[in-house]
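Heads up, start-v1.pdb below (PDB, C-alpha atoms, pLDDT in the B column):
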ATOM      1  CA  MET W  15       1.777 -16.459  13.479  1.00 66.00           C
ATOM      2  CA  LYS W  16       4.724 -16.596  15.903  1.00 77.00           C
ATOM      3  CA  ASN W  17       7.074 -18.113  13.278  1.00 82.00           C
ATOM      4  CA  LYS W  18       5.953 -15.506  10.762  1.00 81.00           C
ATOM      5  CA  LEU W  19       6.810 -12.706  13.191  1.00 79.00           C
ATOM      6  CA  ILE W  20      10.193 -14.251  14.028  1.00 88.00           C
ATOM      7  CA  GLY W  21      10.997 -14.558  10.322  1.00 85.00           C
ATOM      8  CA  GLN W  22       9.988 -10.954   9.800  1.00 82.00           C
ATOM      9  CA  ILE W  23      12.184  -9.803  12.682  1.00 84.00           C
ATOM     10  CA  VAL W  24      15.133 -11.738  11.214  1.00 89.00           C
ATOM     11  CA  ARG W  25      14.607 -10.176   7.764  1.00 90.00           C
ATOM     12  CA  PHE W  26      14.154  -6.734   9.353  1.00 84.00           C
ATOM     13  CA  SER W  27      17.416  -7.223  11.248  1.00 88.00           C
ATOM     14  CA  LEU W  28      19.346  -8.256   8.132  1.00 93.00           C
ATOM     15  CA  VAL W  29      18.067  -5.271   6.143  1.00 92.00           C
ATOM     16  CA  GLY W  30      18.742  -3.017   9.128  1.00 88.00           C
ATOM     17  CA  PHE W  31      22.274  -4.375   9.522  1.00 91.00           C
ATOM     18  CA  LEU W  32      23.091  -3.580   5.887  1.00 96.00           C
ATOM     19  CA  CYS W  33      21.500  -0.133   6.104  1.00 94.00           C
ATOM     20  CA  PHE W  34      23.366   0.583   9.340  1.00 93.00           C
ATOM     21  CA  PHE W  35      26.663   0.031   7.533  1.00 96.00           C
ATOM     22  CA  ILE W  36      25.554   2.335   4.726  1.00 97.00           C
ATOM     23  CA  ASP W  37      24.440   4.967   7.245  1.00 96.00           C
ATOM     24  CA  TYR W  38      27.496   4.645   9.488  1.00 96.00           C
ATOM     25  CA  GLY W  39      29.963   4.487   6.596  1.00 97.00           C
ATOM     26  CA  LEU W  40      28.547   7.615   4.996  1.00 97.00           C
ATOM     27  CA  LEU W  41      28.493   9.369   8.372  1.00 97.00           C
ATOM     28  CA  LEU W  42      32.198   8.681   8.830  1.00 97.00           C
ATOM     29  CA  ALA W  43      33.108   9.556   5.245  1.00 98.00           C
ATOM     30  CA  LEU W  44      31.173  12.821   5.244  1.00 98.00           C
ATOM     31  CA  THR W  45      32.427  13.869   8.677  1.00 98.00           C
ATOM     32  CA  GLU W  46      36.022  12.683   8.575  1.00 97.00           C
ATOM     33  CA  LEU W  47      36.824  12.996   4.871  1.00 97.00           C
ATOM     34  CA  ALA W  48      34.502  15.744   3.632  1.00 98.00           C
ATOM     35  CA  GLY W  49      34.614  17.779   6.853  1.00 98.00           C
ATOM     36  CA  PHE W  50      30.856  18.113   7.398  1.00 98.00           C
ATOM     37  CA  HIS W  51      29.467  18.674  10.885  1.00 97.00           C
ATOM     38  CA  TYR W  52      28.419  15.338  12.409  1.00 96.00           C
ATOM     39  CA  LEU W  53      24.723  16.301  12.458  1.00 96.00           C
ATOM     40  CA  VAL W  54      24.748  17.275   8.758  1.00 97.00           C
ATOM     41  CA  SER W  55      26.587  14.054   7.921  1.00 97.00           C
ATOM     42  CA  GLY W  56      24.121  12.141  10.075  1.00 95.00           C
ATOM     43  CA  ALA W  57      21.105  13.583   8.278  1.00 95.00           C
ATOM     44  CA  LEU W  58      22.552  12.901   4.816  1.00 96.00           C
ATOM     45  CA  SER W  59      23.697   9.368   5.628  1.00 96.00           C
ATOM     46  CA  PHE W  60      20.350   8.619   7.272  1.00 91.00           C
ATOM     47  CA  ALA W  61      18.483   9.818   4.167  1.00 92.00           C
ATOM     48  CA  VAL W  62      20.474   7.540   1.862  1.00 95.00           C
ATOM     49  CA  SER W  63      19.990   4.551   4.145  1.00 93.00           C
ATOM     50  CA  VAL W  64      16.224   5.229   4.300  1.00 88.00           C
ATOM     51  CA  VAL W  65      15.881   4.844   0.533  1.00 89.00           C
ATOM     52  CA  VAL W  66      17.844   1.575   0.549  1.00 94.00           C
ATOM     53  CA  ASN W  67      15.881   0.425   3.595  1.00 88.00           C
ATOM     54  CA  TYR W  68      12.572   1.185   1.879  1.00 84.00           C
ATOM     55  CA  LEU W  69      13.462  -0.776  -1.231  1.00 88.00           C
ATOM     56  CA  LEU W  70      14.699  -3.796   0.695  1.00 91.00           C
ATOM     57  CA  SER W  71      11.971  -3.688   3.352  1.00 83.00           C
ATOM     58  CA  MET W  72       9.121  -3.562   0.858  1.00 79.00           C
ATOM     59  CA  LYS W  73      10.624  -6.496  -1.005  1.00 82.00           C
ATOM     60  CA  PHE W  74      11.738  -8.719   1.879  1.00 81.00           C
ATOM     61  CA  VAL W  75      10.284  -7.614   5.232  1.00 79.00           C
ATOM     62  CA  TYR W  76       6.771  -6.177   5.252  1.00 71.00           C
ATOM     63  CA  GLU W  77       3.553  -7.442   3.784  1.00 66.00           C
ATOM     64  CA  ALA W  78       2.283  -4.127   2.573  1.00 54.00           C
ATOM     65  CA  ARG W  79      -1.306  -3.451   1.732  1.00 54.00           C
ATOM     66  CA  ALA W  80      -2.183  -3.196  -1.938  1.00 52.00           C
ATOM     67  CA  ARG W  81       0.970  -2.722  -3.956  1.00 57.00           C
ATOM     68  CA  GLU W  82      -0.842  -0.517  -6.462  1.00 60.00           C
ATOM     69  CA  ASN W  83      -0.070   2.623  -4.452  1.00 75.00           C
ATOM     70  CA  ARG W  84       3.711   2.518  -4.206  1.00 75.00           C
ATOM     71  CA  THR W  85       3.904   6.319  -4.089  1.00 82.00           C
ATOM     72  CA  GLY W  86       1.664   6.499  -1.029  1.00 81.00           C
ATOM     73  CA  GLU W  87       3.530   3.619   0.558  1.00 78.00           C
ATOM     74  CA  PHE W  88       6.863   5.371  -0.034  1.00 80.00           C
ATOM     75  CA  ILE W  89       5.533   8.670   1.345  1.00 86.00           C
ATOM     76  CA  THR W  90       4.313   6.879   4.487  1.00 86.00           C
ATOM     77  CA  PHE W  91       7.694   5.161   4.830  1.00 81.00           C
ATOM     78  CA  VAL W  92       9.516   8.492   4.425  1.00 84.00           C
ATOM     79  CA  LEU W  93       7.266  10.273   6.943  1.00 91.00           C
ATOM     80  CA  LEU W  94       7.878   7.535   9.504  1.00 91.00           C
ATOM     81  CA  SER W  95      11.581   7.755   8.696  1.00 88.00           C
ATOM     82  CA  LEU W  96      11.560  11.524   9.254  1.00 92.00           C
ATOM     83  CA  VAL W  97      10.387  10.892  12.798  1.00 95.00           C
ATOM     84  CA  GLY W  98      13.212   8.347  13.050  1.00 93.00           C
ATOM     85  CA  LEU W  99      15.634  10.993  11.778  1.00 93.00           C
ATOM     86  CA  LEU W 100      14.448  13.441  14.432  1.00 96.00           C
ATOM     87  CA  ILE W 101      14.951  10.795  17.117  1.00 97.00           C
ATOM     88  CA  ASN W 102      18.387   9.968  15.665  1.00 94.00           C
ATOM     89  CA  GLN W 103      19.496  13.596  15.576  1.00 96.00           C
ATOM     90  CA  LEU W 104      18.164  14.349  19.055  1.00 97.00           C
ATOM     91  CA  VAL W 105      19.878  11.335  20.608  1.00 97.00           C
ATOM     92  CA  MET W 106      23.164  12.136  18.852  1.00 96.00           C
ATOM     93  CA  TRP W 107      23.008  15.811  19.803  1.00 97.00           C
ATOM     94  CA  VAL W 108      22.252  15.109  23.480  1.00 98.00           C
ATOM     95  CA  ALA W 109      24.870  12.361  23.653  1.00 98.00           C
ATOM     96  CA  VAL W 110      27.619  14.444  22.042  1.00 97.00           C
ATOM     97  CA  GLU W 111      26.874  17.945  23.312  1.00 97.00           C
ATOM     98  CA  PHE W 112      25.626  17.192  26.827  1.00 97.00           C
ATOM     99  CA  LEU W 113      27.036  13.801  27.721  1.00 98.00           C
ATOM    100  CA  GLY W 114      30.379  14.222  25.951  1.00 98.00           C
ATOM    101  CA  ILE W 115      30.091  10.940  24.040  1.00 97.00           C
ATOM    102  CA  TRP W 116      32.084  10.627  20.818  1.00 97.00           C
ATOM    103  CA  TYR W 117      29.737  11.072  17.824  1.00 96.00           C
ATOM    104  CA  GLN W 118      30.656   7.650  16.415  1.00 96.00           C
ATOM    105  CA  LEU W 119      29.489   5.924  19.604  1.00 97.00           C
ATOM    106  CA  ALA W 120      26.466   8.193  19.873  1.00 97.00           C
ATOM    107  CA  LYS W 121      25.414   7.067  16.391  1.00 95.00           C
ATOM    108  CA  ILE W 122      25.401   3.427  17.475  1.00 95.00           C
ATOM    109  CA  GLY W 123      23.130   4.204  20.427  1.00 95.00           C
ATOM    110  CA  ALA W 124      20.870   6.381  18.305  1.00 95.00           C
ATOM    111  CA  THR W 125      20.607   3.636  15.710  1.00 92.00           C
ATOM    112  CA  ALA W 126      19.532   1.078  18.310  1.00 92.00           C
ATOM    113  CA  ILE W 127      16.760   3.361  19.563  1.00 95.00           C
ATOM    114  CA  VAL W 128      15.569   4.247  16.065  1.00 92.00           C
ATOM    115  CA  MET W 129      15.622   0.584  15.018  1.00 87.00           C
ATOM    116  CA  VAL W 130      13.012  -0.286  17.630  1.00 90.00           C
ATOM    117  CA  TYR W 131      10.896   2.727  16.649  1.00 93.00           C
ATOM    118  CA  ASN W 132      11.180   1.791  12.948  1.00 83.00           C
ATOM    119  CA  PHE W 133      10.092  -1.806  13.375  1.00 80.00           C
ATOM    120  CA  VAL W 134       7.101  -0.998  15.557  1.00 88.00           C
ATOM    121  CA  SER W 135       5.879   2.026  13.588  1.00 89.00           C
ATOM    122  CA  ARG W 136       6.275   0.361  10.200  1.00 78.00           C
ATOM    123  CA  LYS W 137       4.651  -2.843  11.387  1.00 76.00           C
ATOM    124  CA  ILE W 138       1.649  -0.944  12.741  1.00 84.00           C
ATOM    125  CA  ILE W 139       1.197   1.546   9.905  1.00 83.00           C
ATOM    126  CA  ILE W 140       2.506  -0.169   6.759  1.00 70.00           C
ATOM    127  CA  GLU W 141       0.936  -3.555   7.480  1.00 67.00           C
ATOM    128  CA  ARG W 142      -2.415  -2.281   8.744  1.00 64.00           C
TER     129      ARG W 142
END

This structure in structure tokens:
Amino acid sequence: MKNKLIGQIVRFSLVGFLCFFIDYGLLLALTELAGFHYLVSGALSFAVSVVVNYLLSMKFVYEARARENRTGEFITFVLLSLVGLLINQLVMWVAVEFLGIWYQLAKIGATAIVMVYNFVSRKIIIER
């Protein structure tokens, strides 16, 4: 059981690492190159990374219930991710607007917080 959990955490981390680069890269591109506000860029980049994360997580990380209901599984994943997006946006907004932290650094902190939320919530709900 312990080795299984460690393996799952390693796979979760690898998928998360890849999705972080997708999320962070899009955030920078949309903000710096396209001129979007950092919160708009953050929401869009987060959404793209959620889809990639779902596909990779369902294949490599989580032992989902019956695979017959992929639509329901995806909806659950997206709903949990929407909470993650709210946490991400709130942390970034507070860090940038109230603490004066550069949005690129704020994103790293927000990602760390959301990563913990994502693992725990998905483990509890998707693997029930």

Exercise for review: For Leu99 (chain W), work out the shell of residues within 9 Å, counting all atoms listed in the file and skipping chain neighbours fewer than 5 positions away, then give it as a list of chain:residue names.
Suggested key: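 Near neighbours after the sequence-gap exclusion: W:Gly56, W:Ala57, W:Phe60, W:Ala61, W:Leu94, W:Leu104, W:Val128.
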
Taking C-alpha atoms for each residue, export the selection above as a CSV table (one decimal), in the frame of the given file.
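The file below, again.csv, is the result:
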chain,number,residue,atom,x,y,z
W,56,GLY,CA,24.1,12.1,10.1
W,57,ALA,CA,21.1,13.6,8.3
W,60,PHE,CA,20.4,8.6,7.3
W,61,ALA,CA,18.5,9.8,4.2
W,94,LEU,CA,7.9,7.5,9.5
W,104,LEU,CA,18.2,14.3,19.1
W,128,VAL,CA,15.6,4.2,16.1

Check your understanding: Hey, which of W:Val134, W:Leu93, W:Leu100, W:Ala109 ends up closest to Ile122 (chain W)? Count only C-alpha atoms.
Key ->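 Of W:Val134, W:Leu93, W:Leu100, W:Ala109, the one nearest Ile122 (chain W), counting only C-alpha atoms, is W:Ala109.
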
**Study point:** Exercise: region 50-55 of chain W partners within 10 Å, only C-alpha atoms, chain neighbours under 2 positions left out, as a list in words
**Key:**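 So the residues in contact are Asp37, Tyr38, Leu40, Leu41, Leu42, Ala43, Leu44, Thr45, Glu46, Leu47, Ala48, Ala57, Leu58, Ser59, Phe60, Ala61, Asn102, Gln103, Leu104, Met106, Trp107, Val110, Tyr117, Gln118 and Lys121 of chain W.
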
Practice item. Rounded to one decimal place, report the CA of Leu96 (chain W)-CA of Gly21 (chain W) distance in Å. Key: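 Computed distance, CA of Leu96 (chain W) to CA of Gly21 (chain W), equals 26.1 Å.
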
Check your understanding: Which distance in Å separates CA of Gly39 (chain W) and CA of Met72 (chain W), to one decimal?
Key -> 23.1 Å

Practice item. Go through W:Val97, W:Cys33, W:Arg84, W:Val105 and flag the residue nearest Leu70 (chain W), using all atoms listed in the file for the distances. Key: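 Of all the options, W:Cys33 lies closest to Leu70 (chain W).
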
Check your understanding: By how many Å are CA of Val62 (chain W) and CA of Lys18 (chain W) apart?
Key ->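 It comes out at 28.7 Å.
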
Exercise for review: With a distance cut-off of 10 Å and all atoms listed in the file, select the neighbouring residues of Met129 (chain W), excluding the residue or stretch itself and same-chain residues fewer than 5 positions from it, and output the selection as a PyMOL selection string.
Suggested key: chain W and resi 26-27+30-31+34+98+102+123-124+134-135
